[in-house]
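Structure data follow from model.cif (mmCIF, C-alpha atoms):
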data_work
loop_
_atom_site.label_atom_id
_atom_site.label_comp_id
_atom_site.auth_asym_id
_atom_site.auth_seq_id
_atom_site.Cartn_x
_atom_site.Cartn_y
_atom_site.Cartn_z
CA MET Z 285 25.25 -41.80 1.82
CA THR Z 286 21.72 -40.41 2.06
CA GLN Z 287 21.54 -36.80 3.19
CA VAL Z 288 18.91 -36.10 5.86
CA LYS Z 289 16.69 -33.21 4.84
CA ARG Z 290 16.17 -30.73 7.64
CA ILE Z 291 12.47 -30.15 8.30
CA LYS Z 292 11.45 -26.51 8.29
CA ARG Z 293 9.16 -25.21 11.04
CA PRO Z 294 6.94 -22.20 11.65
CA VAL Z 295 8.89 -19.53 13.52
CA HIS Z 296 7.42 -16.12 14.37
CA GLY Z 297 9.31 -13.14 15.75
CA VAL Z 298 12.16 -10.70 15.21
CA LEU Z 299 15.82 -11.59 15.56
CA LEU Z 300 18.11 -8.69 16.36
CA LEU Z 301 21.30 -9.75 14.62
CA ASN Z 302 24.70 -8.10 14.94
CA LYS Z 303 25.81 -8.54 11.33
CA PRO Z 304 29.57 -8.86 10.91
CA ALA Z 305 31.44 -6.88 8.29
CA GLY Z 306 32.45 -8.81 5.17
CA ILE Z 307 29.19 -10.56 4.32
CA THR Z 308 26.00 -9.39 2.66
CA SER Z 309 22.78 -8.92 4.58
CA ASN Z 310 21.19 -11.68 2.52
CA THR Z 311 23.97 -14.11 3.44
CA ALA Z 312 23.42 -13.29 7.13
CA LEU Z 313 19.69 -13.83 6.66
CA GLN Z 314 20.15 -17.23 5.01
CA ILE Z 315 22.50 -18.40 7.78
CA ALA Z 316 20.01 -17.35 10.46
CA LYS Z 317 17.10 -18.93 8.56
CA ARG Z 318 19.01 -22.22 8.36
CA LEU Z 319 19.87 -22.16 12.08
CA TYR Z 320 16.23 -21.54 12.99
CA GLN Z 321 14.99 -24.08 10.43
CA ALA Z 322 12.44 -21.40 9.61
CA GLU Z 323 9.83 -21.69 6.88
CA LYS Z 324 9.80 -17.99 6.10
CA ALA Z 325 12.24 -15.14 6.78
CA GLY Z 326 13.16 -11.69 5.53
CA HIS Z 327 15.13 -8.61 6.52
CA THR Z 328 14.17 -5.00 7.14
CA GLY Z 329 16.62 -3.26 4.84
CA THR Z 330 20.18 -4.18 4.02
CA LEU Z 331 23.53 -3.12 5.39
CA ASP Z 332 26.43 -2.84 2.94
CA PRO Z 333 28.87 -5.77 3.08
CA PHE Z 334 31.61 -3.58 4.63
CA ALA Z 335 29.20 -2.36 7.35
CA ASP Z 336 28.32 -4.15 10.57
CA GLY Z 337 25.82 -3.75 13.38
CA LEU Z 338 22.11 -4.10 13.94
CA LEU Z 339 20.17 -6.03 11.29
CA PRO Z 340 16.61 -6.92 12.39
CA LEU Z 341 15.51 -10.17 10.74
CA CYS Z 342 11.86 -11.19 10.49
CA PHE Z 343 10.47 -14.71 10.78
CA GLY Z 344 6.97 -15.92 9.90
CA GLU Z 345 4.22 -13.44 10.79
CA ALA Z 346 6.82 -10.73 11.42
CA THR Z 347 7.54 -10.54 7.68
CA LYS Z 348 4.14 -8.86 7.24
CA PHE Z 349 5.48 -5.80 9.06
CA SER Z 350 9.09 -5.68 7.83
CA GLN Z 351 8.41 -2.83 5.37
CA TYR Z 352 7.32 -0.54 8.21
CA GLN Z 353 10.63 -1.00 10.01
CA LEU Z 354 12.25 0.34 6.84
CA GLU Z 355 10.54 3.66 7.59
CA ALA Z 356 11.87 3.88 11.16
CA ASP Z 357 14.68 6.24 12.18
CA LYS Z 358 18.19 4.80 12.22
CA CYS Z 359 21.34 5.57 14.21
CA TYR Z 360 24.85 4.90 12.88
CA ARG Z 361 28.45 5.24 14.02
CA ALA Z 362 30.55 6.31 11.05
CA VAL Z 363 34.30 6.65 10.61
CA LEU Z 364 35.36 9.07 7.86
CA GLN Z 365 38.75 9.12 6.17
CA LEU Z 366 39.39 12.78 5.50
CA GLY Z 367 41.47 13.85 2.54
CA VAL Z 368 40.61 10.85 0.34
CA THR Z 369 37.66 10.40 -2.03
CA THR Z 370 36.71 7.11 -3.71
CA THR Z 371 34.49 6.09 -6.61
CA THR Z 372 31.93 4.54 -4.26
CA GLY Z 373 32.23 6.83 -1.22
CA ASP Z 374 33.35 3.84 0.85
CA PRO Z 375 36.42 1.55 1.16
CA GLU Z 376 35.23 -0.75 -1.63
CA GLY Z 377 35.88 1.84 -4.34
CA GLU Z 378 39.01 3.08 -6.10
CA VAL Z 379 40.74 6.22 -4.91
CA LEU Z 380 39.79 9.27 -6.96
CA ASP Z 381 41.69 12.04 -5.20
CA THR Z 382 43.85 12.78 -2.18
CA ARG Z 383 44.27 16.16 -0.51
CA PRO Z 384 46.06 17.49 2.56
CA VAL Z 385 43.99 17.72 5.75
CA ASP Z 386 44.38 20.79 7.93
CA ILE Z 387 41.27 21.19 10.04
CA ASP Z 388 40.34 21.52 13.70
CA ALA Z 389 37.37 20.56 15.85
CA ASP Z 390 35.65 23.92 15.37
CA ARG Z 391 35.67 23.56 11.58
CA VAL Z 392 34.31 20.03 11.84
CA ALA Z 393 31.53 21.17 14.19
CA ALA Z 394 30.57 23.98 11.81
CA ALA Z 395 30.60 21.63 8.81
CA THR Z 396 28.49 18.88 10.38
CA ALA Z 397 25.99 21.41 11.75
CA GLN Z 398 25.06 22.34 8.17
CA PHE Z 399 23.53 18.89 7.66
CA VAL Z 400 21.36 18.70 10.78
CA GLY Z 401 17.66 19.15 10.08
CA SER Z 402 15.59 18.64 6.95
CA ILE Z 403 17.84 18.62 3.89
CA MET Z 404 17.90 17.35 0.31
CA GLN Z 405 20.26 14.48 -0.49
CA THR Z 406 21.18 13.00 -3.88
CA PRO Z 407 21.40 9.18 -3.72
CA PRO Z 408 24.77 7.72 -4.77
CA MET Z 409 25.26 5.90 -8.06
CA TYR Z 410 26.54 2.89 -6.14
CA SER Z 411 23.16 2.09 -4.57
CA ALA Z 412 20.37 -0.44 -5.02
CA LEU Z 413 17.89 2.18 -6.19
CA LYS Z 414 16.48 1.14 -9.55
CA TYR Z 415 16.34 2.97 -12.86
CA GLN Z 416 14.38 1.30 -15.68
CA GLY Z 417 14.36 -1.94 -13.71
CA LYS Z 418 18.11 -2.11 -13.04
CA PRO Z 419 19.96 -1.15 -9.83
CA LEU Z 420 22.01 2.03 -10.15
CA TYR Z 421 25.20 0.21 -9.17
CA GLU Z 422 24.99 -1.84 -12.40
CA TYR Z 423 25.06 1.38 -14.44
CA ALA Z 424 27.90 2.70 -12.26
CA ARG Z 425 30.00 -0.43 -12.83
CA ALA Z 426 29.48 0.03 -16.58
CA GLY Z 427 30.72 3.62 -16.34
CA ILE Z 428 27.26 5.11 -16.92
CA THR Z 429 25.99 7.96 -14.74
CA ILE Z 430 22.24 8.34 -14.32
CA GLU Z 431 20.77 11.65 -13.19
CA ARG Z 432 19.24 11.16 -9.74
CA PRO Z 433 16.81 13.67 -8.25
CA ALA Z 434 17.62 14.86 -4.72
CA ARG Z 435 15.29 13.51 -2.04
CA PRO Z 436 14.20 15.00 1.28
CA ILE Z 437 15.72 13.41 4.38
CA HIS Z 438 15.94 14.47 8.01
CA ILE Z 439 19.12 14.25 10.07
CA ARG Z 440 18.11 14.61 13.70
CA ASP Z 441 21.57 14.74 15.23
CA ILE Z 442 25.27 14.45 14.42
CA THR Z 443 27.54 13.91 17.41
CA ILE Z 444 31.29 14.28 16.93
CA LEU Z 445 33.02 11.53 18.91
CA ALA Z 446 36.62 11.93 17.81
CA LEU Z 447 38.90 13.79 15.41
CA ASP Z 448 42.18 11.94 15.24
CA GLY Z 449 44.35 13.34 12.46
CA GLU Z 450 42.62 12.32 9.24
CA LYS Z 451 40.03 10.12 10.97
CA LEU Z 452 36.67 11.59 12.01
CA THR Z 453 34.21 9.51 14.04
CA ILE Z 454 30.58 10.62 14.32
CA ASP Z 455 27.23 9.26 15.45
CA VAL Z 456 24.32 10.07 13.11
CA THR Z 457 20.62 9.78 13.93
CA CYS Z 458 18.58 10.11 10.76
CA SER Z 459 15.40 9.31 8.89
CA ALA Z 460 15.00 6.29 6.68
CA GLY Z 461 16.51 6.68 3.23
CA THR Z 462 19.59 8.58 4.40
CA TYR Z 463 22.85 7.52 2.75
CA ILE Z 464 25.70 7.85 5.24
CA ARG Z 465 28.23 7.41 2.42
CA THR Z 466 26.81 10.49 0.73
CA LEU Z 467 26.78 12.39 4.02
CA ALA Z 468 30.47 11.54 4.51
CA GLU Z 469 31.30 12.82 1.03
CA ASP Z 470 29.28 16.00 1.59
CA ILE Z 471 31.02 16.71 4.91
CA GLY Z 472 34.38 16.24 3.19
CA ARG Z 473 33.31 18.62 0.43
CA VAL Z 474 32.32 21.34 2.92
CA LEU Z 475 35.64 20.88 4.75
CA GLY Z 476 37.45 21.29 1.42
CA CYS Z 477 39.54 18.15 1.76
CA GLY Z 478 37.16 15.44 0.61
CA ALA Z 479 36.25 12.28 2.56
CA HIS Z 480 34.92 8.78 2.28
CA LEU Z 481 33.37 6.31 4.69
CA THR Z 482 35.77 3.67 6.02
CA LYS Z 483 33.61 2.02 8.70
CA LEU Z 484 29.89 2.00 9.41
CA THR Z 485 28.04 0.42 12.33
CA ARG Z 486 24.28 0.56 12.74
CA LEU Z 487 23.56 1.24 16.40
CA ALA Z 488 19.76 1.42 16.34
CA SER Z 489 16.74 0.93 14.11
CA GLY Z 490 13.46 2.28 15.44
CA SER Z 491 13.17 1.07 19.04
CA PHE Z 492 15.71 -1.74 18.51
CA GLN Z 493 19.26 -1.31 19.87
CA LEU Z 494 22.53 -2.97 18.90
CA SER Z 495 23.13 -3.75 22.58
CA GLU Z 496 20.21 -6.21 22.35
CA ALA Z 497 21.58 -8.01 19.27
CA VAL Z 498 23.13 -11.46 19.00
CA THR Z 499 26.01 -12.60 16.79
CA LEU Z 500 25.95 -15.47 14.32
CA GLU Z 501 28.59 -17.20 16.44
CA GLN Z 502 26.30 -17.11 19.47
CA LEU Z 503 23.43 -18.53 17.44
CA GLU Z 504 25.66 -21.35 16.18
CA HIS Z 505 26.29 -22.45 19.78
CA ASP Z 506 22.61 -22.26 20.79
CA ASP Z 507 20.11 -25.08 20.54
CA LEU Z 508 16.70 -24.43 18.97
CA ALA Z 509 15.03 -23.55 22.27
CA GLN Z 510 17.73 -21.00 23.12
CA ARG Z 511 17.45 -19.46 19.66
CA ASP Z 512 13.69 -19.12 20.03
CA GLU Z 513 14.18 -17.34 23.37
CA ARG Z 514 16.25 -14.70 21.59
CA LEU Z 515 13.35 -13.65 19.35
CA SER Z 516 11.64 -10.33 20.03
CA ALA Z 517 7.89 -9.82 19.70
CA VAL Z 518 6.50 -9.05 16.25
CA ASP Z 519 4.99 -5.70 17.29
CA GLY Z 520 8.44 -4.31 18.09
CA LEU Z 521 8.82 -3.72 14.34
CA ILE Z 522 6.21 -0.95 14.55
CA GLY Z 523 6.85 0.09 18.14
CA TYR Z 524 7.23 3.71 17.02
CA LEU Z 525 3.51 3.85 16.07
CA PRO Z 526 0.73 4.73 18.56
CA GLN Z 527 -1.22 1.96 20.26
CA LEU Z 528 -4.97 1.36 19.90
CA GLN Z 529 -6.83 -0.79 22.45
CA LEU Z 530 -9.97 -2.57 21.21
CA ASP Z 531 -12.77 -4.37 23.04
CA ALA Z 532 -13.43 -8.05 22.33
CA GLY Z 533 -16.29 -7.44 19.90
CA THR Z 534 -14.37 -4.92 17.81
CA ALA Z 535 -11.28 -7.16 17.82
CA LYS Z 536 -13.28 -10.12 16.49
CA LEU Z 537 -14.75 -8.08 13.65
CA LEU Z 538 -11.29 -6.77 12.77
CA LEU Z 539 -9.78 -10.28 12.66
CA GLN Z 540 -12.60 -11.30 10.32
CA GLY Z 541 -11.35 -8.69 7.86
CA GLN Z 542 -14.15 -6.22 8.52
CA GLN Z 543 -13.85 -2.48 9.12
CA PRO Z 544 -15.39 -2.00 12.58
CA LYS Z 545 -16.08 1.32 14.27
CA TYR Z 546 -13.88 2.36 17.18
CA GLY Z 547 -15.89 2.73 20.35
CA GLY Z 548 -13.76 5.42 21.96
CA HIS Z 549 -13.11 9.07 21.20
CA VAL Z 550 -10.82 9.59 18.20
CA THR Z 551 -8.13 12.17 19.00
CA GLU Z 552 -5.68 11.21 16.24
CA SER Z 553 -5.87 9.24 13.03
CA GLY Z 554 -3.43 7.22 10.95
CA LEU Z 555 -1.45 3.99 11.28
CA MET Z 556 -1.65 2.37 14.71
CA ARG Z 557 -0.83 -0.88 16.50
CA ALA Z 558 -4.08 -2.63 17.43
CA TYR Z 559 -4.39 -4.74 20.62
CA ARG Z 560 -6.94 -6.65 22.61
CA ASP Z 561 -5.46 -6.35 26.10
CA THR Z 562 -1.88 -7.65 25.56
CA VAL Z 563 -2.61 -9.56 22.33
CA PHE Z 564 -1.18 -7.83 19.27
CA LEU Z 565 -3.77 -7.93 16.49
CA GLY Z 566 -1.92 -6.13 13.74
CA LEU Z 567 -1.56 -2.81 11.99
CA VAL Z 568 -4.63 -0.69 11.29
CA ASN Z 569 -5.51 2.72 9.92
CA LEU Z 570 -7.82 4.62 12.27
CA GLN Z 571 -9.85 7.24 10.44
CA PHE Z 572 -11.24 10.41 11.99
CA ASP Z 573 -14.80 9.04 11.65
CA GLY Z 574 -13.78 6.09 13.85
CA VAL Z 575 -13.66 3.47 11.10
CA ILE Z 576 -10.80 1.01 11.62
CA VAL Z 577 -9.30 -0.15 8.32
CA PRO Z 578 -7.08 -3.26 8.60
CA GLN Z 579 -3.65 -2.97 6.97
CA ARG Z 580 -1.69 -6.03 8.13
CA LEU Z 581 -3.23 -8.47 10.60
CA MET Z 582 -1.76 -11.32 12.61
CA ARG Z 583 -3.03 -14.82 11.94
CA ILE Z 584 -4.92 -15.27 15.21
CA ASN Z 585 -7.54 -17.70 16.44
CA PRO Z 586 -9.78 -15.48 18.63
CA GLN Z 587 -10.89 -18.40 20.79
CA SER Z 588 -7.37 -19.58 21.57
CA GLU Z 589 -6.38 -16.05 22.53
CA GLY Z 590 -9.48 -15.53 24.66
CA ILE Z 591 -10.90 -12.78 22.46
#
Since I need it in another form, could you write the structure as structure tokens?
Amino acid sequence: MTQVKRIKRPVHGVLLLNKPAGITSNTALQIAKRLYQAEKAGHTGTLDPFADGLLPLCFGEATKFSQYQLEADKCYRAVLQLGVTTTTGDPEGEVLDTRPVDIDADRVAAATAQFVGSIMQTPPMYSALKYQGKPLYEYARAGITIERPARPIHIRDITILALDGEKLTIDVTCSAGTYIRTLAEDIGRVLGCGAHLTKLTRLASGSFQLSEAVTLEQLEHDDLAQRDERLSAVDGLIGYLPQLQLDAGTAKLLLQGQQPKYGGHVTESGLMRAYRDTVFLGLVNLQFDGVIVPQRLMRINPQSEGI
């Protein structure tokens, strides 16, 4: 029997996926890519297999901007098992130690408050960070510990939702690069009983919210048109950056790969989202002298877009 090859098509936009626990982010991406019959797709940073929640996936032109979503703030709901530490800081590791738990809400509030603000955090050994070309988790699985320098992160808020015996549930809003597993271990250390992460749900990434996300099961039941309707606009990936409006002439020069001069008064410089009216042109770097340097541009036909 001859197998019919599914024809891939150009798809552009951002899919807000509610990744289930138990599969890798790459597996979720490949399932979504197959359902959309998309030519090109990528993600904006992985969630651990045991974690669930918001996983923005990029299709087509959106993949040009995926790296900038990596730099956006994140919000997580984390459940900590107090009194138990593991080799990985999460439920996938082996138990290292167990201790009695005798704490109250005041002690938890005082402990979590120590981590709010700009702090230094040492990445865990069980992470995808690379050392001499190999992920750290490969060294960890071989019983080798690599010295990791602490890195600056910013935790904007920790909200205590529940303390139920040995279970502590918190919401964490933090900068990119924050390891919630490490935060859980550090909170346990300050409390004196140890802790590890048992459940992690990503609630938000930049301006994207989990409440807007779709499940793989929902996508399976959709037809192609319904799936396409679920895609968010490409510029949502960098929605946290300021917006720069350009006139038609400047927009044309920009789309030609030139570095035009901004016609208005420059009050701030740096990375910005460039538009001609409602048409998203791409990401640019506006310099104080008014020069607009293209960073990542959309593939746009100026005539078809009325520019």
Identify the residues within 12 Å of coordinate (20.8, -0.4, -5.6) (same frame as the file), considering all atoms listed in the file, and give the answer as a VMD selection string. chain Z and resid 329 to 332 407 to 415 417 to 425 463
Could you give me, as a list in words, the residues within 8 Å of Glu450 in chain Z, counting all atoms listed in the file and dropping anything in the same chain fewer than 4 positions from it? Gln365, Leu366, Gly367 and Val385 of chain Z
Between CA of Cys359 in chain Z and CA of Ser402 in chain Z, what distance in Å does the model show, to one decimal? 16.0 Å
Selection near Ala497 in chain Z, 12 Å with only C-alpha atoms, sequence-local residues under 2 positions removed, as a ChimeraX atom specification: /Z:298-304,336-341,486-489,492-495,499-503,514-516
For the structure provided, state which residues fall under the PyMOL selection byres ((chain Z and resi 548) around 12), and present them as a list of chain:residue names.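 Applying the expression gives Z:Leu528, Z:Gln529, Z:Leu530, Z:Asp531, Z:Thr534, Z:Lys545, Z:Tyr546, Z:Gly547, Z:His549, Z:Val550, Z:Thr551, Z:Glu552, Z:Leu570, Z:Phe572, Z:Asp573, Z:Gly574, Z:Val575, Z:Ile576.
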Smallest atom-to-atom distance to Glu323 in chain Z: which of Z:Gln398, Z:Thr347, Z:Thr482, Z:Gln416, using all atoms listed in the file?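 Going through Z:Gln398, Z:Thr347, Z:Thr482, Z:Gln416 one by one, the smallest distance to Glu323 in chain Z is for Z:Thr347.
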The PyMOL selection byres ((chain Z and resi 490) around 9) resolved against shown file, as JSON, numbers by chain: {"Z": [353, 354, 355, 356, 357, 358, 359, 488, 489, 491, 492, 493, 520, 521, 522, 523, 524]}
Report the residues retrieved by the PyMOL selection byres ((chain Z and resi 318) around 12) from the displayed file, expressed as a ChimeraX atom specification. /Z:289-293,295,311-317,319-325,343,500,503-504,508,511
Using all atoms listed in the file, what does the table of range 335-439 of chain Z residues within 12 Å of range 555-569 of chain Z look like, with each row giving the shortest atom pair and its distance in Å to one decimal, sorted by chain and ascending number, as a Markdown table?
| residue | atom | partner | partner_atom | distance |
| --- | --- | --- | --- | --- |
| Z:Glu345 | CA | Z:Gly566 | CA | 10.0 |
| Z:Ala346 | CA | Z:Gly566 | CA | 10.1 |
| Z:Lys348 | CA | Z:Gly566 | CA | 9.3 |
| Z:Phe349 | CA | Z:Leu567 | CA | 8.2 |
| Z:Ser350 | CA | Z:Leu567 | CA | 11.8 |
| Z:Gln351 | CA | Z:Leu567 | CA | 12.0 |
| Z:Tyr352 | CA | Z:Leu567 | CA | 9.9 |
Would you work out the distance separating CA of Glu469 in chain Z from CA of Ala362 in chain Z, expressed in Å to one decimal?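 Computed distance, CA of Glu469 in chain Z to CA of Ala362 in chain Z, equals 12.0 Å.
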Please, what distance in Å, to one decimal, runs between CA of Arg391 in chain Z and CA of Ile437 in chain Z?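 CA of Ile437 in chain Z lies at a distance of 23.5 Å from CA of Arg391 in chain Z.
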From Z:Asp386, Z:Glu376, Z:Asp519, Z:Asp512, residue lying nearest Asp448 in chain Z [all atoms listed in the file]: Z:Asp386
Give the answer as one residue: which of Z:Gly554, Z:Val474, Z:Pro433, Z:Gln510 has the shortest atom-to-atom distance to Ala393 in chain Z, using all atoms listed in the file?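 Counting all atoms listed in the file, the residue closest to Ala393 in chain Z is Z:Val474.
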Pick out the closest residue to Met404 in chain Z from this set: Z:Leu581, Z:Leu380, Z:Ala426, Z:Ala434. Count only C-alpha atoms.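 Ranking Z:Leu581, Z:Leu380, Z:Ala426, Z:Ala434 by distance to Met404 in chain Z, first place goes to Z:Ala434.
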With all atoms listed in the file as the atoms that count, which of Z:Ala395, Z:Ile403, Z:Ile428, Z:Val577 lies nearest to Arg473 in chain Z? Z:Ala395
What lies within 9 Å of Thr382 in chain Z using all atoms listed in the file, ignoring chain neighbours under 2 positions off, as a VMD selection string? chain Z and resid 366 to 369 379 to 380 384 477 to 479
For each of Z:Thr372, Z:Thr466, Z:Thr396, Z:Gln405, take the minimum atom-to-atom distance to Thr443 in chain Z, counting all atoms listed in the file, then give the residue where this is smallest.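 Of the candidates, the smallest distance to Thr443 in chain Z is held by Z:Thr396.
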If we count all atoms listed in the file and set the cut-off at 6 Å, which residues sit around Ala335 in chain Z, ignoring sequence neighbours fewer than 6 positions away in its own chain? Please answer as number ranges by chain. Z: 305, 484-485
